[in-house]
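Q: You'll find data.cif just under this line, and it carries mmCIF, C-alpha atoms.
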```cif
data_model
loop_
_atom_site.label_atom_id
_atom_site.label_comp_id
_atom_site.auth_asym_id
_atom_site.auth_seq_id
_atom_site.Cartn_x
_atom_site.Cartn_y
_atom_site.Cartn_z
CA MET E 1 -13.36 -46.08 13.23
CA ASN E 2 -15.52 -43.00 13.61
CA PHE E 3 -16.06 -41.93 17.22
CA THR E 4 -18.04 -38.78 16.38
CA GLY E 5 -20.83 -40.81 14.81
CA SER E 6 -20.83 -38.66 11.65
CA ASN E 7 -21.28 -41.79 9.50
CA LYS E 8 -24.66 -42.53 11.13
CA GLU E 9 -28.02 -41.62 9.68
CA LEU E 10 -29.13 -38.13 10.79
CA VAL E 11 -32.85 -37.71 11.53
CA LEU E 12 -34.34 -34.19 11.51
CA VAL E 13 -36.79 -34.05 14.42
CA HIS E 14 -39.75 -31.65 14.31
CA LYS E 15 -43.26 -31.58 15.79
CA GLU E 16 -45.04 -32.78 12.64
CA MET E 17 -42.63 -35.61 11.78
CA LYS E 18 -43.89 -39.09 11.03
CA LYS E 19 -43.25 -42.10 13.25
CA CYS E 20 -40.04 -44.05 12.70
CA SER E 21 -39.45 -47.77 13.04
CA LEU E 22 -35.77 -48.23 13.90
CA ASP E 23 -33.60 -51.29 14.34
CA HIS E 24 -30.29 -49.38 14.43
CA SER E 25 -28.79 -46.34 16.15
CA VAL E 26 -29.09 -42.88 14.62
CA ASN E 27 -28.13 -39.28 15.31
CA VAL E 28 -30.90 -36.72 15.60
CA MET E 29 -31.00 -32.98 14.94
CA LEU E 30 -33.59 -30.87 16.77
CA THR E 31 -35.43 -27.91 15.25
CA PRO E 32 -35.93 -24.72 17.33
CA GLN E 33 -39.26 -26.19 18.48
CA PHE E 34 -37.29 -28.15 21.09
CA TYR E 35 -34.90 -25.55 22.45
CA THR E 36 -34.53 -21.90 23.39
CA MET E 37 -31.50 -20.02 22.10
CA ARG E 38 -29.68 -16.84 23.09
CA ARG E 39 -26.61 -15.29 21.48
CA GLU E 40 -24.46 -12.98 23.63
CA GLU E 41 -21.15 -11.14 23.54
CA LEU E 42 -19.58 -11.70 26.96
CA PRO E 43 -16.17 -10.87 28.48
CA VAL E 44 -15.34 -14.55 29.05
CA LYS E 45 -12.68 -16.57 27.30
CA TYR E 46 -13.32 -20.19 28.24
CA LEU E 47 -16.25 -22.57 27.66
CA TYR E 48 -16.56 -23.60 31.32
CA GLN E 49 -16.99 -19.94 32.29
CA ALA E 50 -19.74 -19.46 29.69
CA LYS E 51 -21.55 -22.60 30.92
CA LYS E 52 -21.68 -21.20 34.46
CA ILE E 53 -23.42 -18.08 33.16
CA ALA E 54 -25.99 -19.98 31.04
CA PRO E 55 -28.76 -20.48 33.67
CA SER E 56 -28.89 -16.75 34.56
CA LEU E 57 -29.29 -15.76 30.90
CA PHE E 58 -32.57 -17.70 30.61
CA GLU E 59 -34.27 -16.37 33.75
CA GLY E 60 -37.86 -15.51 32.84
CA PHE E 61 -37.62 -17.21 29.42
CA LEU E 62 -38.23 -20.84 30.41
CA ASN E 63 -41.04 -22.83 32.00
CA GLU E 64 -40.32 -22.81 35.74
CA ASP E 65 -41.63 -26.36 36.11
CA GLY E 66 -39.13 -27.82 33.63
CA MET E 67 -35.68 -29.27 34.34
CA TYR E 68 -33.34 -27.70 31.81
CA GLU E 69 -29.80 -28.34 30.71
CA TYR E 70 -27.58 -26.10 28.62
CA PHE E 71 -25.43 -26.52 25.52
CA VAL E 72 -22.92 -23.75 24.80
CA PHE E 73 -20.59 -23.09 21.88
CA ARG E 74 -18.65 -20.23 20.31
CA GLU E 75 -19.84 -18.59 17.07
CA ASP E 76 -17.40 -15.96 15.76
CA ASN E 77 -17.07 -13.37 18.55
CA GLN E 78 -20.25 -14.42 20.34
CA TRP E 79 -21.34 -17.25 22.65
CA VAL E 80 -24.42 -19.25 21.67
CA PHE E 81 -26.48 -20.60 24.59
CA ILE E 82 -29.10 -23.32 24.06
CA ALA E 83 -31.50 -24.40 26.82
CA TYR E 84 -33.31 -27.74 26.43
CA ASN E 85 -35.41 -30.12 28.48
CA PRO E 86 -34.00 -33.68 28.11
CA ASP E 87 -37.12 -35.35 29.48
CA GLU E 88 -39.45 -33.58 27.03
CA ILE E 89 -37.15 -34.46 24.13
CA LYS E 90 -36.98 -38.12 25.20
CA SER E 91 -40.76 -38.32 25.57
CA PHE E 92 -41.36 -36.83 22.13
CA LEU E 93 -38.82 -39.12 20.44
CA LEU E 94 -40.35 -42.13 22.15
CA SER E 95 -43.79 -41.08 20.84
CA LYS E 96 -42.25 -41.25 17.34
CA GLU E 97 -40.87 -44.73 18.11
CA ILE E 98 -37.29 -43.52 18.59
CA PRO E 99 -36.25 -44.92 22.01
CA ALA E 100 -33.23 -43.52 23.86
CA GLU E 101 -31.17 -46.68 23.27
CA TYR E 102 -31.22 -46.02 19.51
CA ILE E 103 -30.05 -42.39 19.83
CA SER E 104 -26.31 -41.98 19.45
CA LYS E 105 -25.96 -38.19 19.51
CA VAL E 106 -28.35 -35.23 19.62
CA PHE E 107 -27.55 -32.03 17.73
CA PHE E 108 -29.27 -28.66 17.40
CA ALA E 109 -30.10 -27.03 14.07
CA GLN E 110 -28.36 -23.83 15.22
CA GLN E 111 -25.03 -25.69 15.12
CA ALA E 112 -25.16 -25.70 11.30
CA PRO E 113 -26.65 -22.34 10.17
CA GLN E 114 -24.47 -22.29 7.04
CA LEU E 115 -26.18 -25.47 5.79
CA PHE E 116 -29.74 -24.12 6.08
CA THR E 117 -29.28 -21.18 3.69
CA LYS E 118 -31.47 -23.19 1.31
CA PRO E 119 -34.82 -23.92 3.01
CA VAL E 120 -35.45 -27.51 4.11
CA VAL E 121 -39.14 -28.47 3.91
CA LEU E 122 -40.54 -29.92 7.15
CA ASN E 123 -44.21 -30.33 6.21
CA GLU E 124 -46.93 -28.72 4.06
CA ARG E 125 -46.84 -25.53 6.12
CA GLU E 126 -43.28 -24.97 7.36
CA VAL E 127 -39.65 -24.92 6.28
CA LEU E 128 -36.42 -24.65 8.22
CA MET E 129 -33.92 -22.02 7.09
CA THR E 130 -31.28 -19.55 8.23
CA ILE E 131 -32.22 -15.89 8.69
CA ASP E 132 -29.65 -13.44 10.15
CA ASN E 133 -27.46 -16.42 11.08
CA SER E 134 -30.24 -18.02 13.16
CA VAL E 135 -31.97 -21.24 12.10
CA VAL E 136 -35.73 -20.64 12.36
CA LEU E 137 -39.08 -22.05 11.18
CA VAL E 138 -40.65 -20.06 8.34
CA PRO E 139 -44.12 -20.44 6.76
CA LYS E 140 -43.80 -22.25 3.47
CA SER E 141 -46.30 -19.88 1.89
CA VAL E 142 -43.87 -16.94 1.94
CA LEU E 143 -41.38 -18.76 -0.31
CA SER E 144 -41.62 -19.62 -3.98
CA GLY E 145 -41.20 -23.17 -5.24
CA GLU E 146 -37.86 -22.28 -6.78
CA GLN E 147 -36.44 -21.48 -3.35
CA LEU E 148 -37.39 -24.83 -1.77
CA THR E 149 -34.30 -26.70 -2.93
CA GLY E 150 -32.63 -27.62 0.37
CA THR E 151 -31.93 -31.32 0.96
CA PHE E 152 -31.30 -32.65 4.46
CA ASP E 153 -28.91 -35.59 5.00
CA LYS E 154 -26.10 -36.75 7.30
CA SER E 155 -23.74 -34.12 5.82
CA PHE E 156 -25.50 -31.67 8.21
CA THR E 157 -23.91 -33.48 11.20
CA PRO E 158 -22.00 -30.93 13.37
CA GLY E 159 -18.77 -31.61 15.21
CA GLY E 160 -20.21 -31.99 18.72
CA GLY E 161 -23.54 -32.70 20.38
CA ILE E 162 -25.15 -34.08 23.53
CA SER E 163 -26.20 -37.50 24.81
CA LEU E 164 -29.63 -37.96 26.34
CA PRO E 165 -29.83 -39.63 29.78
CA GLY E 166 -30.81 -43.28 29.58
CA ASN E 167 -28.87 -44.01 26.39
CA THR E 168 -27.36 -47.43 27.09
CA MET E 169 -26.27 -48.07 23.50
CA THR E 170 -22.76 -49.51 23.28
CA LEU E 171 -20.49 -46.92 21.75
CA ILE E 172 -18.29 -49.42 19.85
CA GLY E 173 -18.78 -52.86 18.42
CA LYS E 174 -16.86 -56.06 19.12
CA LYS E 175 -14.55 -55.63 16.12
CA GLU E 176 -13.72 -52.07 17.11
CA ALA E 177 -13.16 -53.18 20.72
CA ILE E 178 -10.54 -55.72 19.56
CA ILE E 179 -8.80 -53.06 17.48
CA LEU E 180 -8.84 -50.66 20.42
CA ALA E 181 -7.40 -53.31 22.72
CA ALA E 182 -4.50 -53.78 20.31
CA VAL E 183 -3.98 -50.02 20.03
CA PHE E 184 -4.01 -49.60 23.82
CA SER E 185 -1.48 -52.42 24.16
CA VAL E 186 0.85 -50.52 21.85
CA PHE E 187 0.26 -47.39 23.93
CA ALA E 188 1.10 -49.33 27.11
CA VAL E 189 4.46 -50.38 25.67
CA ALA E 190 5.10 -46.82 24.50
CA PHE E 191 4.26 -45.43 27.96
CA PHE E 192 6.61 -47.95 29.60
CA ILE E 193 9.45 -46.87 27.31
CA GLU E 194 8.64 -43.23 27.87
CA GLY E 195 8.59 -43.77 31.65
CA TRP E 196 12.02 -45.37 31.54
CA GLN E 197 13.35 -42.48 29.45
CA TYR E 198 11.79 -40.01 31.90
CA GLU E 199 13.55 -41.72 34.81
CA GLN E 200 16.88 -41.46 33.02
CA SER E 201 16.17 -37.82 32.17
CA LEU E 202 15.32 -37.11 35.83
CA LYS E 203 18.69 -38.47 36.91
CA VAL E 204 20.42 -36.17 34.41
CA GLN E 205 18.37 -33.20 35.66
CA LYS E 206 19.36 -33.92 39.27
CA LYS E 207 23.00 -34.05 38.22
CA ASP E 208 22.65 -30.75 36.32
CA MET E 209 20.91 -29.18 39.33
CA GLN E 210 23.75 -30.18 41.63
CA GLU E 211 26.27 -28.72 39.20
CA LEU E 212 24.23 -25.49 39.11
CA LEU E 213 24.15 -25.28 42.91
CA ASP E 214 27.89 -25.85 43.05
CA ALA E 215 28.42 -23.05 40.50
CA TYR E 216 26.03 -20.63 42.29
CA PRO E 217 26.30 -21.21 46.05
CA ALA E 218 23.71 -18.48 46.77
CA LEU E 219 20.98 -20.76 45.45
CA GLN E 220 21.83 -23.35 48.09
CA SER E 221 20.30 -21.03 50.66
CA LYS E 222 16.75 -22.11 51.50
CA MET E 223 15.83 -18.47 52.17
CA GLN E 224 17.01 -17.45 48.70
CA ARG E 225 15.03 -20.20 46.99
CA GLU E 226 11.90 -19.39 48.99
CA SER E 227 12.27 -15.71 48.04
CA VAL E 228 12.30 -16.61 44.33
CA ALA E 229 9.33 -18.97 44.78
CA LEU E 230 7.36 -16.29 46.69
CA LYS E 231 7.92 -13.77 43.91
CA TYR E 232 6.30 -16.01 41.28
CA LYS E 233 3.60 -17.16 43.68
CA MET E 234 2.48 -13.53 44.13
CA ILE E 235 2.29 -13.10 40.35
CA ASP E 236 0.21 -16.27 39.99
CA THR E 237 -2.10 -15.18 42.86
CA LYS E 238 -2.79 -11.83 41.19
CA GLU E 239 -3.57 -13.49 37.84
CA ARG E 240 -5.94 -15.91 39.56
CA LYS E 241 -7.69 -12.98 41.25
CA LYS E 242 -8.12 -11.27 37.88
CA ARG E 243 -9.77 -14.39 36.44
CA ASP E 244 -12.03 -14.76 39.50
CA ILE E 245 -13.18 -11.14 39.21
CA VAL E 246 -13.99 -11.58 35.50
CA LYS E 247 -16.05 -14.70 36.31
CA THR E 248 -17.88 -12.88 39.11
CA LEU E 249 -18.74 -9.90 36.89
CA ALA E 250 -19.85 -12.17 34.04
CA ALA E 251 -22.22 -14.01 36.42
CA MET E 252 -24.03 -10.72 37.07
CA LEU E 253 -25.18 -10.51 33.45
CA SER E 254 -28.78 -11.58 33.07
CA LYS E 255 -32.05 -10.35 31.60
CA GLY E 256 -32.21 -6.59 32.10
CA VAL E 257 -28.51 -6.18 32.99
CA THR E 258 -26.00 -4.80 30.46
CA LEU E 259 -22.25 -4.30 30.92
CA THR E 260 -21.64 -0.80 29.50
CA SER E 261 -17.93 -0.42 30.31
CA TYR E 262 -15.10 -2.45 31.81
CA HIS E 263 -11.48 -1.64 32.65
CA MET E 264 -8.75 -3.56 34.46
CA ASN E 265 -5.06 -2.87 34.97
CA GLU E 266 -2.40 -4.25 37.28
CA LYS E 267 -3.78 -2.44 40.34
CA ARG E 268 -7.51 -1.83 39.95
CA PHE E 269 -10.64 -2.79 38.03
CA LYS E 270 -13.91 -0.98 37.30
CA ALA E 271 -17.14 -2.27 35.72
CA VAL E 272 -20.28 -0.27 34.97
CA PHE E 273 -23.64 -2.05 34.64
CA SER E 274 -26.87 -0.59 33.27
CA CYS E 275 -29.98 -2.15 34.83
CA SER E 276 -33.53 -2.07 33.50
CA ASN E 277 -35.24 -1.53 36.86
CA ASP E 278 -34.77 -1.34 40.63
CA LYS E 279 -35.11 -5.09 41.02
CA THR E 280 -32.16 -5.85 38.75
CA VAL E 281 -30.16 -3.07 40.47
CA GLN E 282 -30.74 -4.75 43.83
CA LYS E 283 -29.81 -8.15 42.39
CA VAL E 284 -26.48 -6.89 41.00
CA GLU E 285 -25.67 -5.07 44.25
CA THR E 286 -26.40 -8.18 46.32
CA MET E 287 -24.15 -10.37 44.14
CA ALA E 288 -21.34 -7.79 44.32
CA LYS E 289 -21.55 -7.45 48.09
CA LYS E 290 -21.61 -11.23 48.47
CA SER E 291 -18.30 -11.32 46.60
CA HIS E 292 -16.95 -8.48 48.82
CA LEU E 293 -16.71 -5.98 45.94
CA ASN E 294 -17.20 -2.23 46.27
CA VAL E 295 -20.56 -1.06 44.89
CA THR E 296 -21.68 2.47 44.01
CA ASN E 297 -25.24 3.37 42.97
CA SER E 298 -26.75 6.84 43.03
CA LYS E 299 -30.23 6.92 44.53
CA GLY E 300 -32.87 6.63 41.82
CA SER E 301 -30.28 5.62 39.21
CA ASN E 302 -30.18 2.32 37.33
CA ILE E 303 -26.39 2.56 36.88
CA VAL E 304 -24.30 0.33 39.16
CA VAL E 305 -20.54 0.81 39.43
CA ILE E 306 -18.42 -2.03 40.81
CA GLU E 307 -14.73 -1.47 41.43
CA GLY E 308 -11.86 -2.51 43.62
CA LYS E 309 -8.18 -3.19 44.05
CA LEU E 310 -6.27 -6.23 42.81
#
```
Write the structure described by the file as C-alpha cells, please.
A:
Amino acid sequence: MNFTGSNKELVLVHKEMKKCSLDHSVNVMLTPQFYTMRREELPVKYLYQAKKIAPSLFEGFLNEDGMYEYFVFREDNQWVFIAYNPDEIKSFLLSKEIPAEYISKVFFAQQAPQLFTKPVVLNEREVLMTIDNSVVLVPKSVLSGEQLTGTFDKSFTPGGGISLPGNTMTLIGKKEAIILAAVFSVFAVAFFIEGWQYEQSLKVQKKDMQELLDAYPALQSKMQRESVALKYKMIDTKERKKRDIVKTLAAMLSKGVTLTSYHMNEKRFKAVFSCSNDKTVQKVETMAKKSHLNVTNSKGSNIVVIEGKL
C-alpha cells in the first residue's frame, strides 16, 4: 500500500497545457503561474509557528479579492512560504477536464528544485527550470537545444502536498480496506495486551511509591510535595513565556519590517526592528503594545526597540 500517492501519475499543470480526459485519479504539480512564493530566514523553530506568520508575509503581494491558503515547508536554514488560491486552481483544472474528484494530491514545483536543474519544456515558448534554487519559467529562446534534456515524470513527486476542497475521491480501495481492517484488528489485540501490562506496571509503581514514602517521610508532607511541584511549574511557565515572546516577535515581521538584532537570556529579552517607513513603524508599535511589551522609538527614526523582563 502507498498512502503518499507517489505511485500515481503526476501531471505538470501550466497555463498552456492541453486538455486531459481522465478516468482515474492523478497527482498534479503546479508551476509558479499558480502560486506566489517567498523564502525567509525567521527565528521560529516549528512549522505551526511559521504557518501563523504566512499571511503577514504576503501583505501587498496578493490580489485582495482572492481567498488564499498557505503551504509552508523548511528548506535548509530558511522557511519557504507558498500562497495559492484553491478556487482558481480548481477552476483552471476543471477547464482542462481534470475535475476535483480525480485529483489525489497537489504539489508545487518549488518542492523539487533539485529535479529541475535540467529544463523541462512546457510549450514552444517556455521551459521550467531551477535558477538560484527557485523553480521559475524561462523563455525557451535563451537556451540551446542541447540544454533542453529534462524529462518530467512521477519521479518528481515530493513527500507532501495539499488536497483541494471538494475532493471526494476514496483514499483506499476495497482490497486495501480489508487489509487495513485486519491490521487494525491486530493493533486492537496489541493495545489490549499493552493496556493489561500497563495496569500491572501501575500497581508496581504504586508499591514502589509507597516504599519510597516510607523510606523518606519528608515526602509524605503535602506542603513538601507542593513546594517541589511549584518549583518545576515556575520553570515551565518561564519557558512557555519565552516561546510566546518569540511567536509574538515573529508575527511582527512583514513587508518593510526587518529584525536586525535579537537577544534573550534568563531574565530579559531585546529585539530591534528596522522599518521602511512611518506606517510600518506604527504597525509594529501597535502590535507590541497590544501584547503589553515595552516599545522604544526615537522621533523621526525607523528603528523600533522592543524589550522586557521574563
Q: Enter the distance from atom CA of E:Tyr102 to atom CA of E:Asn27, in Å, rounded to one decimal.
A: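 Straight-line distance from atom CA of E:Tyr102 to atom CA of E:Asn27 works out to 8.5 Å.
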Q: Applied to this file, what does the PyMOL selection byres ((chain E and resi 297-304) around 8) return in terms of residues, put as a list in words?
A: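 Selected by the PyMOL selection byres ((chain E and resi 297-304) around 8) in this file: Val272, Phe273, Ser274, Cys275, Ser276, Asn277, Asp278, Val281, Val284, Glu285, Val295, Thr296, Val305 and Ile306 of chain E.
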Q: For the atom pair atom CA of E:Glu124 and atom CA of E:Val11, what is the interatomic distance in Å to one decimal place?
A: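 One can read the atom CA of E:Glu124 to atom CA of E:Val11 distance as 18.3 Å.
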Q: May I have the residues within 12 Å of E:Asp132 as a PDB file with C-alpha atoms, keeping the file's coordinate frame, using only C-alpha atoms and disregarding those fewer than 3 positions away in the same chain?
A:
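For reference, part09.pdb as written:
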```pdb
ATOM      1  CA  ARG E  39     -26.610 -15.290  21.480  1.00  0.00           C
ATOM      2  CA  GLN E 110     -28.360 -23.830  15.220  1.00  0.00           C
ATOM      3  CA  PRO E 113     -26.650 -22.340  10.170  1.00  0.00           C
ATOM      4  CA  GLN E 114     -24.470 -22.290   7.040  1.00  0.00           C
ATOM      5  CA  PHE E 116     -29.740 -24.120   6.080  1.00  0.00           C
ATOM      6  CA  THR E 117     -29.280 -21.180   3.690  1.00  0.00           C
ATOM      7  CA  MET E 129     -33.920 -22.020   7.090  1.00  0.00           C
ATOM      8  CA  VAL E 135     -31.970 -21.240  12.100  1.00  0.00           C
ATOM      9  CA  VAL E 136     -35.730 -20.640  12.360  1.00  0.00           C
TER      10      VAL E 136
END
```
Q: List as a list of chain:residue names the protein and nucleic acid residues near E:Lys270, meaning an atom at most 6 Å away when only C-alpha atoms are counted, but skip any in the same chain fewer than 6 places from it.
A: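 Everything that qualifies: E:Tyr262, E:His263, E:Ile306, E:Glu307.
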Q: Can you list, as a PyMOL selection string, the residues that the PyMOL selection byres ((chain E and resi 22) around 9) selects here?
A: chain E and resi 20-21+23-26+97-99+102
Q: Which protein, DNA or RNA residues are at most 10 Å from (-35.8, -25.8, 4.4) in the file's coordinates when you count all atoms listed in the file, listed as a list of chain:residue names?
A: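 Collected hits near the coordinates: E:Leu115, E:Phe116, E:Thr117, E:Lys118, E:Pro119, E:Val120, E:Val121, E:Leu122, E:Asn123, E:Glu126, E:Val127, E:Leu128, E:Met129, E:Thr130, E:Val135, E:Val136, E:Leu137, E:Val138, E:Lys140, E:Gln147, E:Leu148, E:Thr149, E:Gly150, E:Thr151, E:Phe152.
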Q: Given the file above and the PyMOL selection byres ((chain E and resi 53) around 10), which residues are selected, and can you give them as a ChimeraX atom specification?
A: /E:42,44,48-52,54-58,81,247-248,250-254
Q: Would you mind reading off the distance between atom CA of E:Ala83 and atom CA of E:Phe108, one decimal, in Å?
A: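 These two atoms are separated by 10.6 Å.
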Q: Which residue out of E:Arg38, E:Asn63, E:Ser155, E:Leu259 has the minimum interatomic distance to E:Asn7 when only C-alpha atoms are used?
A: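 Ranked by minimum distance to E:Asn7, first place goes to E:Ser155.
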Q: Identify which of the residues E:Asn265, E:Asn85, E:Thr280, E:Asn77 lies closest to E:Pro165, counting all atoms listed in the file when measuring atom-to-atom distances.
A: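 Using all atoms listed in the file, the shortest distance to E:Pro165 belongs to E:Asn85.
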Q: Have a look at E:Lys45, E:Glu9, E:Ser134, E:Val189 and name the one nearest to E:Lys105; count only C-alpha atoms.
A: E:Glu9
